[in-house]
Each structure stands twice: as structure tokens, then as C-alpha cells.
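Enquirer: Got protein-v2.cif for you, mmCIF, C-alpha atoms and all ligand atoms:
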data_coords
loop_
_atom_site.label_atom_id
_atom_site.label_comp_id
_atom_site.auth_asym_id
_atom_site.auth_seq_id
_atom_site.Cartn_x
_atom_site.Cartn_y
_atom_site.Cartn_z
CA MET A 21 -25.77 31.96 -116.90
CA GLU A 22 -25.29 29.96 -113.75
CA LYS A 23 -28.47 29.66 -111.66
CA THR A 24 -27.66 30.89 -108.18
CA TRP A 25 -29.73 31.62 -105.07
CA ARG A 26 -29.19 33.95 -102.14
CA TRP A 27 -28.90 31.83 -99.02
CA PHE A 28 -28.38 33.36 -95.59
CA GLY A 29 -26.16 30.69 -94.10
CA LYS A 30 -26.70 27.67 -91.90
CA LYS A 31 -29.50 29.41 -89.98
CA ASP A 32 -31.55 29.99 -93.16
CA LYS A 33 -34.85 28.11 -93.00
CA ILE A 34 -34.48 27.43 -96.71
CA THR A 35 -31.93 24.64 -96.73
CA LEU A 36 -29.34 23.69 -99.32
CA GLN A 37 -31.14 20.37 -99.73
CA MET A 38 -34.29 22.23 -100.78
CA LEU A 39 -32.31 24.37 -103.22
CA ARG A 40 -30.80 21.39 -104.99
CA GLN A 41 -34.26 20.08 -105.71
CA ILE A 42 -35.31 23.24 -107.54
CA GLY A 43 -32.37 23.38 -109.91
CA VAL A 44 -30.08 25.81 -108.10
CA GLU A 45 -26.44 25.40 -109.13
CA GLY A 46 -24.56 28.02 -107.14
CA ILE A 47 -24.94 29.78 -103.81
CA VAL A 48 -24.73 33.48 -103.07
CA THR A 49 -23.93 34.13 -99.44
CA ALA A 50 -21.68 35.88 -96.93
CA LEU A 51 -20.12 35.30 -93.53
CA HIS A 52 -23.12 37.04 -92.00
CA ASP A 53 -21.89 36.62 -88.43
CA VAL A 54 -18.63 38.50 -88.93
CA PRO A 55 -19.13 42.15 -87.91
CA ASN A 56 -18.61 44.68 -90.70
CA GLY A 57 -14.99 45.70 -91.03
CA GLU A 58 -13.49 42.58 -89.46
CA ILE A 59 -11.33 40.17 -91.41
CA TRP A 60 -12.91 37.11 -93.04
CA THR A 61 -10.43 34.37 -92.14
CA LEU A 62 -9.43 31.70 -94.62
CA GLU A 63 -10.57 29.09 -92.14
CA ALA A 64 -14.11 30.50 -91.81
CA ILE A 65 -14.42 30.91 -95.58
CA GLU A 66 -13.25 27.36 -96.25
CA ASP A 67 -15.55 25.96 -93.61
CA LEU A 68 -18.63 27.49 -95.23
CA LYS A 69 -17.42 26.62 -98.70
CA GLN A 70 -17.02 22.97 -97.80
CA TYR A 71 -20.45 22.91 -96.19
CA ILE A 72 -22.00 24.25 -99.42
CA GLU A 73 -20.03 21.78 -101.51
CA SER A 74 -21.16 18.87 -99.35
CA TYR A 75 -24.62 19.48 -100.88
CA GLY A 76 -23.27 19.31 -104.43
CA LEU A 77 -23.42 23.08 -104.83
CA ARG A 78 -20.73 25.73 -105.16
CA TRP A 79 -20.20 29.06 -103.42
CA SER A 80 -20.39 31.25 -106.52
CA VAL A 81 -20.72 34.78 -105.20
CA VAL A 82 -20.16 36.71 -101.99
CA GLU A 83 -23.05 39.09 -101.34
CA SER A 84 -21.86 41.16 -99.66
CA LEU A 85 -18.43 41.89 -98.33
CA PRO A 86 -19.65 45.11 -96.70
CA VAL A 87 -17.79 48.37 -97.21
CA CYS A 88 -17.81 50.22 -93.88
CA GLU A 89 -19.17 53.73 -93.62
CA ALA A 90 -15.74 55.16 -92.73
CA ILE A 91 -14.45 54.00 -96.13
CA LYS A 92 -17.38 55.72 -97.80
CA TYR A 93 -17.05 59.02 -95.96
CA ALA A 94 -13.23 58.78 -95.63
CA GLY A 95 -13.01 58.74 -91.83
CA PRO A 96 -9.75 58.30 -89.94
CA GLU A 97 -10.21 54.51 -89.77
CA ARG A 98 -10.34 54.24 -93.55
CA GLU A 99 -6.80 52.91 -94.13
CA GLN A 100 -7.14 50.16 -91.52
CA LEU A 101 -10.54 49.15 -92.84
CA ILE A 102 -9.25 48.98 -96.40
CA GLU A 103 -6.32 46.83 -95.22
CA ASN A 104 -8.79 44.45 -93.56
CA TYR A 105 -10.91 44.41 -96.71
CA LYS A 106 -7.86 43.48 -98.79
CA ILE A 107 -7.02 40.59 -96.47
CA SER A 108 -10.61 39.31 -96.69
CA LEU A 109 -10.48 39.55 -100.49
CA ALA A 110 -7.17 37.70 -100.60
CA ASN A 111 -8.58 34.96 -98.37
CA LEU A 112 -11.63 34.63 -100.60
CA GLY A 113 -9.36 34.43 -103.64
CA LYS A 114 -7.22 31.74 -102.00
CA ALA A 115 -10.35 29.71 -101.25
CA GLY A 116 -11.53 30.10 -104.85
CA VAL A 117 -14.57 32.32 -104.18
CA LYS A 118 -13.91 34.96 -106.78
CA THR A 119 -16.98 37.13 -107.31
CA VAL A 120 -17.60 39.75 -104.65
CA CYS A 121 -20.70 41.96 -104.57
CA TYR A 122 -20.77 45.09 -102.41
CA ASN A 123 -22.49 48.45 -102.47
CA PHE A 124 -21.46 52.04 -101.94
CA MET A 125 -24.73 53.44 -100.58
CA PRO A 126 -24.17 55.73 -97.60
CA VAL A 127 -26.00 54.90 -94.34
CA ILE A 128 -28.89 52.96 -95.83
CA ASP A 129 -28.94 49.99 -98.20
CA TRP A 130 -32.09 49.20 -100.21
CA ILE A 131 -35.30 51.06 -99.31
CA ARG A 132 -38.96 50.02 -99.32
CA THR A 133 -41.90 51.49 -97.44
CA ASP A 134 -44.18 48.45 -97.59
CA LEU A 135 -42.95 44.88 -97.30
CA TYR A 136 -46.29 43.15 -97.91
CA HIS A 137 -48.13 45.19 -100.52
CA PRO A 138 -51.16 43.08 -101.46
CA TRP A 139 -51.91 41.81 -104.95
CA PRO A 140 -55.54 41.03 -105.88
CA ASP A 141 -54.66 37.31 -106.00
CA GLY A 142 -53.75 37.20 -102.29
CA SER A 143 -49.96 37.26 -102.66
CA SER A 144 -47.88 40.33 -101.81
CA SER A 145 -44.73 42.06 -102.93
CA LEU A 146 -42.41 44.86 -101.92
CA TYR A 147 -43.45 48.40 -102.61
CA PHE A 148 -42.08 51.92 -102.45
CA ASP A 149 -44.51 54.75 -101.76
CA TYR A 150 -42.83 58.06 -102.35
CA ALA A 151 -45.18 60.13 -100.17
CA ARG A 152 -44.85 57.70 -97.24
CA PHE A 153 -41.10 57.83 -97.65
CA ALA A 154 -41.27 61.64 -97.61
CA TYR A 155 -43.41 61.35 -94.47
CA PHE A 156 -40.63 59.40 -92.78
CA ASP A 157 -38.13 62.07 -93.76
CA VAL A 158 -40.20 65.17 -92.94
CA LYS A 159 -42.24 64.08 -89.92
CA ILE A 160 -40.25 61.29 -88.30
CA LEU A 161 -36.60 62.11 -88.99
CA LYS A 162 -37.45 65.81 -89.10
CA ARG A 163 -34.32 66.31 -91.18
CA GLU A 164 -33.36 69.94 -91.69
CA GLY A 165 -34.22 71.42 -95.07
CA THR A 166 -36.32 68.44 -96.16
CA GLU A 167 -39.00 70.67 -97.65
CA ALA A 168 -36.64 71.70 -100.44
CA ASP A 169 -36.24 68.04 -101.49
CA TYR A 170 -39.91 67.37 -102.26
CA SER A 171 -42.50 68.87 -104.58
CA ALA A 172 -45.44 70.84 -103.19
CA ASP A 173 -47.64 67.96 -104.25
CA VAL A 174 -45.70 65.39 -102.23
CA LEU A 175 -45.55 67.73 -99.23
CA ALA A 176 -49.32 68.14 -99.40
CA LYS A 177 -49.68 64.35 -99.28
CA VAL A 178 -47.38 64.26 -96.26
CA GLU A 179 -49.67 66.72 -94.47
CA GLU A 180 -52.74 64.68 -95.44
CA LEU A 181 -51.18 61.49 -94.14
CA ASP A 182 -50.23 63.24 -90.92
CA LYS A 183 -53.90 63.74 -90.13
CA THR A 184 -54.72 60.03 -90.17
CA ILE A 185 -51.56 58.02 -89.52
CA THR A 186 -51.54 56.07 -86.24
CA GLU A 187 -48.55 55.53 -83.94
CA ALA A 188 -48.54 51.84 -84.92
CA GLU A 189 -48.41 52.79 -88.61
CA LYS A 190 -45.52 55.13 -87.91
CA ASP A 191 -43.62 52.35 -86.14
CA ASP A 192 -44.31 50.06 -89.03
CA LEU A 193 -42.96 52.62 -91.49
CA ILE A 194 -39.78 53.05 -89.42
CA ASP A 195 -39.41 49.30 -89.19
CA SER A 196 -39.80 48.81 -92.94
CA ILE A 197 -37.49 51.63 -94.00
CA ILE A 198 -34.56 51.38 -91.58
CA VAL A 199 -34.83 48.12 -89.62
CA LYS A 200 -36.35 45.04 -91.28
CA THR A 201 -34.73 45.65 -94.67
CA GLN A 202 -31.31 46.45 -93.21
CA GLY A 203 -30.24 44.06 -90.46
CA PHE A 204 -30.15 40.87 -92.50
CA VAL A 205 -28.02 42.45 -95.25
CA ASN A 206 -25.46 43.55 -92.62
CA GLY A 207 -26.83 47.08 -92.67
CA ASN A 208 -26.37 49.62 -89.92
CA ILE A 209 -29.50 48.89 -87.87
CA LYS A 210 -30.66 45.51 -86.64
CA GLU A 211 -33.92 44.24 -85.19
CA GLY A 212 -33.87 44.76 -81.45
CA ASP A 213 -31.77 47.94 -81.61
CA LEU A 214 -33.28 50.52 -79.28
CA ASN A 215 -34.35 53.81 -80.79
CA PRO A 216 -33.45 53.16 -84.44
CA VAL A 217 -34.42 56.69 -85.44
CA ALA A 218 -31.79 58.21 -83.12
CA ILE A 219 -29.13 55.79 -84.41
CA PHE A 220 -30.09 56.67 -87.93
CA LYS A 221 -29.83 60.40 -87.32
CA GLY A 222 -26.33 59.88 -85.91
CA LEU A 223 -25.34 58.02 -89.06
CA LEU A 224 -26.69 60.78 -91.29
CA LYS A 225 -24.51 63.29 -89.43
CA GLN A 226 -21.37 61.48 -90.57
CA TYR A 227 -22.18 62.51 -94.13
CA GLU A 228 -22.54 66.23 -93.54
CA GLY A 229 -20.60 67.96 -96.29
CA ILE A 230 -20.10 64.79 -98.35
CA THR A 231 -21.17 65.68 -101.87
CA ARG A 232 -21.63 63.32 -104.81
CA ASP A 233 -18.16 64.28 -106.04
CA ARG A 234 -16.55 63.52 -102.69
CA LEU A 235 -18.30 60.16 -102.50
CA ARG A 236 -17.14 59.38 -106.04
CA GLU A 237 -13.57 60.22 -105.05
CA ASN A 238 -13.85 57.93 -102.04
CA MET A 239 -15.21 55.09 -104.15
CA ALA A 240 -12.41 55.45 -106.69
CA TYR A 241 -9.87 55.55 -103.84
CA PHE A 242 -11.25 52.33 -102.37
CA LEU A 243 -11.37 50.55 -105.72
CA ALA A 244 -7.86 51.60 -106.69
CA ALA A 245 -6.61 50.32 -103.32
CA VAL A 246 -8.15 46.86 -103.65
CA MET A 247 -7.43 46.25 -107.36
CA PRO A 248 -3.89 44.87 -106.86
CA VAL A 249 -5.29 42.14 -104.58
CA CYS A 250 -8.07 41.41 -107.08
CA GLU A 251 -5.48 41.06 -109.84
CA GLU A 252 -3.25 38.80 -107.77
CA TYR A 253 -6.07 36.42 -106.82
CA GLY A 254 -8.38 36.79 -109.82
CA VAL A 255 -11.21 38.27 -107.76
CA ASN A 256 -13.94 40.30 -109.50
CA MET A 257 -15.57 43.12 -107.57
CA CYS A 258 -19.11 44.02 -108.64
CA VAL A 259 -20.92 46.95 -107.11
CA HIS A 260 -24.66 46.71 -106.56
CA PRO A 261 -26.58 49.70 -107.95
CA ASP A 262 -28.29 52.01 -105.50
CA ASP A 263 -31.81 50.88 -104.72
CA PRO A 264 -33.83 52.93 -105.47
CA PRO A 265 -31.56 54.60 -107.99
CA PHE A 266 -32.00 58.20 -106.94
CA GLN A 267 -30.90 60.62 -104.21
CA VAL A 268 -32.53 60.05 -100.81
CA LEU A 269 -32.55 61.76 -97.40
CA GLY A 270 -29.99 64.33 -98.46
CA LEU A 271 -27.41 61.57 -98.97
CA PRO A 272 -25.41 61.33 -102.16
CA ARG A 273 -26.00 58.22 -104.24
CA ILE A 274 -23.56 57.52 -107.04
CA VAL A 275 -24.55 54.24 -108.76
CA THR A 276 -27.93 55.25 -110.12
CA CYS A 277 -27.74 55.58 -113.92
CA GLU A 278 -25.76 54.97 -117.09
CA GLU A 279 -23.51 57.97 -116.55
CA ASP A 280 -22.71 56.94 -112.95
CA ILE A 281 -21.80 53.43 -114.00
CA GLU A 282 -19.67 54.65 -116.85
CA TRP A 283 -17.95 56.96 -114.41
CA PHE A 284 -16.83 54.39 -111.85
CA LEU A 285 -15.84 51.85 -114.53
CA ASN A 286 -13.61 54.46 -116.19
CA ALA A 287 -12.32 55.95 -112.95
CA VAL A 288 -10.66 52.62 -112.16
CA ASP A 289 -10.43 51.04 -115.57
CA ASN A 290 -9.61 47.49 -114.61
CA PRO A 291 -11.61 44.40 -115.69
CA HIS A 292 -11.79 43.34 -112.02
CA ASN A 293 -13.77 46.49 -111.27
CA GLY A 294 -17.25 45.60 -112.43
CA LEU A 295 -20.97 45.73 -111.92
CA THR A 296 -23.75 43.66 -110.39
CA PHE A 297 -26.41 44.19 -113.02
CA CYS A 298 -29.46 44.45 -110.76
CA ALA A 299 -32.34 44.88 -113.19
CA GLY A 300 -34.73 45.41 -110.30
CA SER A 301 -32.89 48.36 -108.81
CA LEU A 302 -32.18 49.97 -112.17
CA SER A 303 -35.74 49.53 -113.45
CA ALA A 304 -37.10 51.51 -110.48
CA GLY A 305 -35.57 54.66 -112.04
CA ALA A 306 -37.61 56.24 -114.84
CA HIS A 307 -34.35 57.59 -116.28
CA ASN A 308 -32.92 54.08 -116.86
CA ASP A 309 -33.31 52.09 -120.10
CA VAL A 310 -32.36 48.76 -118.59
CA VAL A 311 -31.92 46.84 -121.85
CA LYS A 312 -29.68 49.49 -123.36
CA MET A 313 -27.60 49.52 -120.16
CA ALA A 314 -27.21 45.74 -120.22
CA GLU A 315 -25.91 45.90 -123.81
CA LYS A 316 -23.51 48.61 -122.85
CA PHE A 317 -22.17 47.12 -119.61
CA ALA A 318 -22.34 43.36 -120.25
CA LYS A 319 -18.55 43.10 -120.59
CA ARG A 320 -17.98 44.53 -117.11
CA THR A 321 -20.92 42.69 -115.51
CA HIS A 322 -19.76 39.95 -113.13
CA PHE A 323 -23.09 39.10 -111.51
CA VAL A 324 -26.74 39.47 -112.54
CA HIS A 325 -29.86 40.03 -110.39
CA LEU A 326 -33.05 39.31 -112.31
CA ARG A 327 -36.09 41.23 -111.07
CA SER A 328 -38.39 43.81 -112.57
CA CYS A 329 -40.24 46.91 -111.38
CA ASN A 330 -43.17 48.94 -112.59
CA ILE A 331 -43.14 52.65 -111.91
CA LEU A 332 -46.51 54.07 -110.92
CA PRO A 333 -47.68 57.68 -110.80
CA ASP A 334 -46.15 59.88 -108.07
CA GLY A 335 -42.75 58.14 -108.12
CA ASN A 336 -44.08 55.00 -106.43
CA PHE A 337 -42.84 51.65 -107.67
CA ILE A 338 -43.84 48.04 -107.24
CA GLU A 339 -41.87 44.85 -107.69
CA ALA A 340 -43.55 43.25 -110.70
CA SER A 341 -43.70 39.68 -111.95
CA HIS A 342 -40.43 38.47 -113.46
CA LEU A 343 -42.34 38.14 -116.75
CA GLU A 344 -43.32 41.79 -117.05
CA GLY A 345 -42.34 45.33 -116.08
CA ARG A 346 -39.55 47.70 -116.98
CA GLY A 347 -36.81 45.12 -116.41
CA HIS A 348 -37.57 43.31 -119.72
CA LEU A 349 -35.91 40.21 -118.34
CA VAL A 350 -36.21 38.14 -121.51
CA ASP A 351 -34.17 40.75 -123.39
CA LEU A 352 -31.60 40.80 -120.60
CA ILE A 353 -31.36 37.03 -120.68
CA ARG A 354 -30.68 37.21 -124.44
CA ILE A 355 -27.89 39.70 -123.81
CA PHE A 356 -26.28 37.88 -120.90
CA GLU A 357 -26.60 34.38 -122.39
CA ARG A 358 -24.50 35.61 -125.31
CA HIS A 359 -22.01 37.07 -122.85
CA GLU A 360 -18.45 35.86 -123.27
CA LYS A 361 -18.53 34.33 -119.77
CA ALA A 362 -21.02 31.47 -120.15
CA ASP A 363 -21.19 30.74 -116.43
CA LEU A 364 -21.94 34.31 -115.39
CA PRO A 365 -23.71 33.91 -112.04
CA MET A 366 -27.34 35.03 -111.99
CA ARG A 367 -29.82 34.97 -109.14
CA VAL A 368 -33.48 35.74 -109.14
CA ASP A 369 -33.83 38.63 -106.79
CA HIS A 370 -36.85 39.13 -104.54
CA GLY A 371 -40.02 37.17 -105.17
CA ARG A 372 -43.59 37.57 -104.03
CA THR A 373 -44.71 36.32 -100.63
CA MET A 374 -47.21 33.57 -101.36
CA LEU A 375 -48.68 30.19 -100.49
CA GLY A 376 -47.63 30.10 -96.86
CA ASP A 377 -44.40 32.09 -97.16
CA GLU A 378 -45.99 34.78 -94.98
CA ASP A 379 -45.62 33.04 -91.62
CA LYS A 380 -42.20 31.48 -92.10
CA GLY A 381 -40.24 34.53 -90.94
CA TYR A 382 -38.25 34.81 -94.16
CA ASN A 383 -36.27 37.99 -94.76
CA PRO A 384 -38.37 40.57 -96.65
CA GLY A 385 -38.36 39.77 -100.38
CA TYR A 386 -36.55 36.47 -99.84
CA SER A 387 -39.53 34.14 -99.80
CA PHE A 388 -39.30 30.52 -100.84
CA HIS A 389 -42.36 29.95 -103.02
CA GLY A 390 -42.23 33.40 -104.62
CA ARG A 391 -38.59 33.07 -105.53
CA MET A 392 -39.07 29.49 -106.67
CA LEU A 393 -41.84 30.65 -109.02
CA ALA A 394 -39.54 33.38 -110.33
CA LEU A 395 -36.69 30.92 -110.81
CA GLY A 396 -39.03 28.65 -112.80
CA GLN A 397 -40.01 31.59 -115.00
CA VAL A 398 -36.41 32.66 -115.53
CA ASP A 399 -35.35 29.08 -116.17
CA GLY A 400 -38.03 28.81 -118.86
CA MET A 401 -36.91 32.05 -120.52
CA MET A 402 -33.30 30.87 -120.43
CA ALA A 403 -34.22 27.56 -122.05
CA VAL A 404 -36.00 29.36 -124.91
CA VAL A 405 -33.09 31.74 -125.44
CA ARG A 406 -30.59 28.87 -125.47
CA ASP A 407 -32.74 27.07 -128.00
CA GLU A 408 -32.88 30.20 -130.19
CA MET A 409 -29.10 30.45 -130.00
CA LYS A 410 -28.62 26.82 -131.00
CA LYS A 411 -30.81 27.33 -134.03
CA GLY A 412 -28.80 30.45 -134.90
C1 LIG B 1 -31.59 43.63 -101.26
C2 LIG B 1 -30.27 43.51 -101.87
C3 LIG B 1 -29.23 44.47 -101.36
C4 LIG B 1 -27.86 44.00 -101.79
C5 LIG B 1 -26.73 44.82 -101.29
C6 LIG B 1 -25.43 44.42 -101.95
O1 LIG B 1 -32.39 42.78 -101.39
O2 LIG B 1 -30.35 43.52 -103.23
O3 LIG B 1 -29.28 44.54 -99.99
O4 LIG B 1 -27.63 42.72 -101.32
O5 LIG B 1 -26.95 46.17 -101.53
O6 LIG B 1 -24.38 44.98 -101.27
#
Go through the file and emit its structure as C-alpha cells.
Ligand code: DNO
Expert:
Amino acid sequence: MEKTWRWFGKKDKITLQMLRQIGVEGIVTALHDVPNGEIWTLEAIEDLKQYIESYGLRWSVVESLPVCEAIKYAGPEREQLIENYKISLANLGKAGVKTVCYNFMPVIDWIRTDLYHPWPDGSSSLYFDYARFAYFDVKILKREGTEADYSADVLAKVEELDKTITEAEKDDLIDSIIVKTQGFVNGNIKEGDLNPVAIFKGLLKQYEGITRDRLRENMAYFLAAVMPVCEEYGVNMCVHPDDPPFQVLGLPRIVTCEEDIEWFLNAVDNPHNGLTFCAGSLSAGAHNDVVKMAEKFAKRTHFVHLRSCNILPDGNFIEASHLEGRGHLVDLIRIFERHEKADLPMRVDHGRTMLGDEDKGYNPGYSFHGRMLALGQVDGMMAVVRDEMKKG
């Protein structure tokens, strides 16, 4: 696999010069300044590509070319937005940037409740606390019918928490769930937006009546529409699994498990319609056997995210070390190293916050030292696997 790194553009405090020194070969990035739905011009793509190449690196993957909400819920602007998407894809293809990651999660991208969950050694990692998440839904969003979505046990914890939680803790929870994790991945809410909860409620409204089946139809419609451009320019689309891989906030989520993945691959059965195999997202679902899924979907995997979770009691999960957890990364590396595409791009996903990362203002999960440690670990596992393969 090709060792890539998610870099947030020229404003990223982690520079391309630093990345070269730690063995990174390819860059994963996006035109983060272009508003969602607008065309990525050939000129802007080539400008960034040349900048990356001037550091001896290549632009390997786009993460992400965002799919606008109106494409997901099939609003009246859908056709225009798909046309724009096709032009952006064609421009990427012309510039030679041919792997495009996106997601099809309605309203909210990845979700965590705690961005600095402490480890005994003084470092921290990202964490999802199911009861705190339910608290956000029941007591802050006050979404209708929420009670039916949670067990009596979780609802009891919500009531308990309600007795002690402070206003500052509530703000922090809102910030973690719908602001700090969203803005930098071109999500719907950005830091500085006034009244994020009200914006969020408005977004949820757009999905009233959209079932899992409807969302599936809309995804298949979108994919079928962009495939001719992908074929013409050799571009591979690779959807990122839903993170966490289960239904949330009454919204349908449709890339959560083996059956979901099989469904969208078959619905538009074209080799350019593929998967971002995010071991971290998939391993946060107790229903997922990540190694089995990698075996099954390796052929249609165009991009790999290496990260691992441990599921704790009560549906909570924690981002584990890259050497342990339900992701079984060494097994995945064995599978993907034998993949027919030897330069399959792979990035280590989130790392711990450690050794001074905490006051650098990095995006949550995208630390420097933590990710560098993870890259070293993954690099070591890859070297062993390659050696095993050489010896037969
Ligand atoms: C979070 C990321 C996701 C991912 C998008 C892809 O760290 O894994 O935000 O980039 O869902 O579209």
C-alpha cells in the first residue's frame, strides 16, 4: 500500500516538509476553501497538485469531494448539483487525481462525544459515550419521539446526567458532536456559527420522511449519474462508511455493515464504484467482522483507513492503539498488501493527542505525534508482512 497522510491544505500547521521526513509518500486532501456544491476548477486542482509535487509528494486521494444534502435527500437542486459534481470529477481526472472519497451520511458526518478522553499515560483519544450522545438527542435537541430510540437503561442514565451536568458541559457536548468534528471536514456547521443547535434542527427537518430505502435509492441514483464520467477519466469513487456505523438521531444511515456495502456495490455494479475501507468506523459496530469484510470487499476497495476501536459496555467505544482492538490491523495489512493494486493508498486515520499535540490547535483526531506514532506502527507491520510475502 502507498503510505498517505491527510493534510488540510496550505494552512495546515503540519507541513509537507515535515511529512516527507516521516516517510509519507502520498497526500490526501481537498479544496477545502471551495463551498460544498461548487465546481472544483481544473486550475485550482492543478495549482494544489503542483504545490504538493514541489515537495516530492503526490496528491493521491481527494477526501472529500462532498455530496450536498440535496443530492442525499433528492431536493429540487439535485440535478444541478450532480452536474457540478460531474464537472469536478472530470477536472480531477484530467489533472490525474483519480481516487475520490466521499460519504453519504445525512446531516452529520462522523460523531464523537469526547475529543480528549484521557488515557492513564497522559495522552488522550477520541471517544463515543452512548448515554451522553442520547443526552444530546433527548435533552438538547429535544427531538420528537426520541424515547423510542433508546433503551430504558440509557434513558435512566440520561436522567441521572441531567441532575449534574453544567451549562459549560452541555456547550462542550454540543461543540464536540456538531461543531468541532464537522467544520474542518466541510460538514454543515462550522466554528463561529451562531446557534448551532437551531441550524442542526433545520437540517434534520430536511430528512423528514426519508427512509433507509429512499436514501439507498438516492445514493444509487447519484452513483449511476457519475459513473460515465468516472469511466471516461478513470476516476474511482470510494464511499466512506458511516461513523459510527449505526442509525443516529432518527436519520437513516446506509453504509454500516456487510449487507449495506454489498447492496451499494451491486446496485451500481461498476468497478469505479468502490469503498473506502475505514477499519476504524467499521470496528465501532459490534455487528461488523472487519477482517472478514476486508477479505470480501478488497477488490472494490480503492482507499484504506487504518484505525481500530474497542467497544465497551453500554455501546460506548474508544479509539484504540493501532496495534490492538477490533480493527485487527495486521490482518488487514496482510489482506490489502496482497491486493491486486500494489499502490492502494492507505492513510493512518486518527491518532492520540500526545507530547505537546494538545496546544497546537490541530483538528480533532488529526494530531501530529499521535498519527506519526501510528504511522510508525503501521509501517512496521507492513514491513513484516512484505517480508513474509517475499519468503512465500
Ligand atoms: C473523520 C473522517 C470523515 C471522513 C469523511 C469522508 O475523521 O474519517 O470525516 O473524512 O466522512 O467523506
Enquirer: Which polymer residues have any atom within 10 Å of an atom of segment 194-210 of chain A, counting only C-alpha atoms, with same-chain residues fewer than 3 positions away left out, as an MDAnalysis selection string?
Expert: chainID A and resid 28 50:56 83:86 88:89 127:136 148 153 156 160:161 188:191 213:217 219:220 223 383:385
Enquirer: My list of candidates is A:Ala394, A:Val275, A:Ala115, A:Leu36. Which is closest to Lys69 of chain A when distances are computed with only C-alpha atoms?
Expert: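 Closest to Lys69 of chain A, using only C-alpha atoms: A:Ala115.
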Enquirer: Using all atoms listed in the file, which residues sit within 10 Å of Lys118 of chain A once same-chain residues fewer than 4 positions away are excluded, as JSON, numbers by chain?
Expert: {"A": [79, 80, 81, 82, 109, 110, 111, 112, 113, 114, 250, 253, 254, 255, 256, 257, 322]}
Enquirer: Can you tell me which residues surround Lys92 of chain A at a distance of at most 7 Å, considering all atoms listed in the file, apart from same-chain residues fewer than 5 positions away, and format the answer as number ranges by chain?
Expert: A: 124, 126, 235, 238-239
Enquirer: Can you tell me which residues surround Ile34 of chain A at a distance of at most 8 Å, considering all atoms listed in the file, apart from same-chain residues fewer than 5 positions away, and format the answer as a PDB file with C-alpha atoms, in the coordinates of the input?
Expert:
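Listing of out-v1.pdb after writing:
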ATOM      1  CA  TRP A  27     -28.900  31.830 -99.020  1.00  0.00           C
ATOM      2  CA  LEU A  39     -32.310  24.370-103.220  1.00  0.00           C
ATOM      3  CA  PHE A 388     -39.300  30.520-100.840  1.00  0.00           C
TER       4      PHE A 388
END
Enquirer: Mind giving me the straight-line distance from atom CA of Asp263 of chain A to atom CA of Leu326 of chain A in Å, one decimal?
Expert: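 A separation of 13.9 Å between them.
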